[in-house]
Amino acid sequence: MYTLTGLKLKNPTILAAGVLGTTGASLCRVAREGGAGAVVTKSIGPTPKTGHHNPSMVRLDCGFLNAMGLPNPSYPSFLQELEFAKNNSPAPVVASIFGGNPSEFAEVAQGLLPAKPDAFELNVSCPHAEGYGAAIGSNPCLVEAVTAAVKDVVNVPVWVKLTPNVADITCIGNAAEAGGADAVVAINTLKGMAIDIESGYPVLGNRSGGLSGKAVKPVAVKCVYDLYTALEIPVIGVGGVSSWEDAVEMMMAGATAVQVGSAVYDRVDIFSEIGAGIEAFLERKGYSNINKIIGLAHEMV
């Protein structure tokens with residue numbers, strides 16, 4: 001058993017927000033069949049949003065480009081799905097939430113409390129939803145205020161998901177920690193774009209979107225490395241993790257746990273495979289526990 005911000009996980013792998021997290025049943029499937037140590041819901045906000053026009057997602061050679069636009073039914077309509085997941089999932093269920101200001105974040109958190117999520121993840125990092133996500137997450141003062149507002153109304157761990165689309169991610173991480181965050185999640189997607197050369201039109205309906213998948217892993221590793229040095233709270237690494245080797249690399253950079261997103265599109269049991277691979281690696285290398293490799297790269301300089 002593995003502990004992260006007080007939550008008990010069977011392994012240090014977590015379903016990332018926005019992937020198979022739109023229903024309680026899909027969250028339970030990832031926990032049961034996929035073997036995830038914990039699962040995170042799709043980001044839920046204060047009011048219903050339809051998201052951006054299609055195409056909203058495209059697969060590239062190096063990963064995925066998406067501009068979903070935070071589609072969601074709003075927290076009152078999602079409450080039943082969250083309750084189902086919480087009552088049936090064998091793994092902790094984390095509610096990802098968003099809002100346009102601190103009071104909206106607090107409103108959504110309070111509205112979902114009856115479902116008793118095990119933790120909240122604050123989405124202050126989505127790069128393709130005007131007025132939300134990175135629009136807040138690039139401002140340290142707002143990040144601190146949002147975090148503090150949610151901490152004031154909940155009694156479970158609060159994670160803050162950070163955007164890499166800033167000059168200095170440690171500044172944003174410090175703001176989250178100052179607001180009372182129990183952990184930070186790094187990173188969300190990188191701003192990106194694709195153009196159809198035959199027509200000249202941007203591929204995505206929103207023109208630009210967020211890049212995820214293998215191409216962003218080096219960026220995520222560097223962000224985790226920097227945050228590990230700057231913060232006292234745990235860093236949860238996410239971005240391009242598709243194998244146990246990727247997970248170990250992220251942990252050596254300083255990640256206490258890893259989230260998996262894009263790789264789930266190929267196979268849902270990737271979590272079990274990564275967890276088993278980490279255990280085999282620890283045994284082969286003679287490490288007594290996983291804590292021996294967290295931040296190991298910092299000792300090699």
# chains A, B, ... in the order shown; residues from 1 in each chain; ligands from 1
call {"tool": "residues_around", "arguments": {"residues": "Tyr225 in chain A", "least_positions_apart": "6", "cutoff": "12 Å", "atoms": "only C-alpha atoms", "output": "list of chain:residue names"}}
result
A:Ile169, A:Thr170, A:Ala186, A:Ile187, A:Pro218, A:Val219, A:Leu231, A:Pro234, A:Val235, A:Ile236, A:Gly237, A:Glu249, A:Met250, A:Met251, A:Met252, A:Ala253, A:Gly254, A:Ala255, A:Thr256, A:Ile294, A:Gly295, A:Leu296, A:Ala297, A:His298, A:Glu299
call {"tool": "closest_atom_pairs", "arguments": {"of": "range 11-30 of chain A", "to": "range 189-193 of chain A", "cutoff": "12 Å", "atoms": "only C-alpha atoms", "output": "tab-separated table"}}
result
residue	atom	partner	partner_atom	distance
A:Ala16	CA	A:Thr189	CA	11.6
A:Ala17	CA	A:Thr189	CA	11.5
A:Gly18	CA	A:Thr189	CA	11.5
call {"tool": "write_last_selection", "arguments": {"atoms": "C-alpha atoms", "output": "tab-separated table (two decimals), in the first residue's frame"}}
result
chain	number	residue	atom	x	y	z
A	16	ALA	CA	-5.31	11.88	-15.12
A	17	ALA	CA	-8.25	14.27	-15.31
A	18	GLY	CA	-10.24	14.38	-18.54
call {"tool": "residues_around", "arguments": {"residues": "Pro71 in chain A", "least_positions_apart": "3", "cutoff": "9 Å", "atoms": "only C-alpha atoms", "output": "list in words"}}
result
Lys42, Ser43, Ile44, Gly45, Pro48, Lys49, Thr50, Gly51, His52, Met68 and Ser74 of chain A
call {"tool": "closest_atom_pairs", "arguments": {"of": "range 149-223 of chain A", "to": "range 89-96 of chain A", "cutoff": "10 Å", "atoms": "only C-alpha atoms", "output": "Markdown table"}}
result
| residue | atom | partner | partner_atom | distance |
| --- | --- | --- | --- | --- |
| A:Val156 | CA | A:Val94 | CA | 9.9 |
| A:Pro157 | CA | A:Val94 | CA | 9.3 |
| A:Val158 | CA | A:Val94 | CA | 9.2 |
| A:Trp159 | CA | A:Ser96 | CA | 9.0 |
| A:Val160 | CA | A:Ser96 | CA | 9.4 |
| A:Lys161 | CA | A:Ser96 | CA | 9.2 |
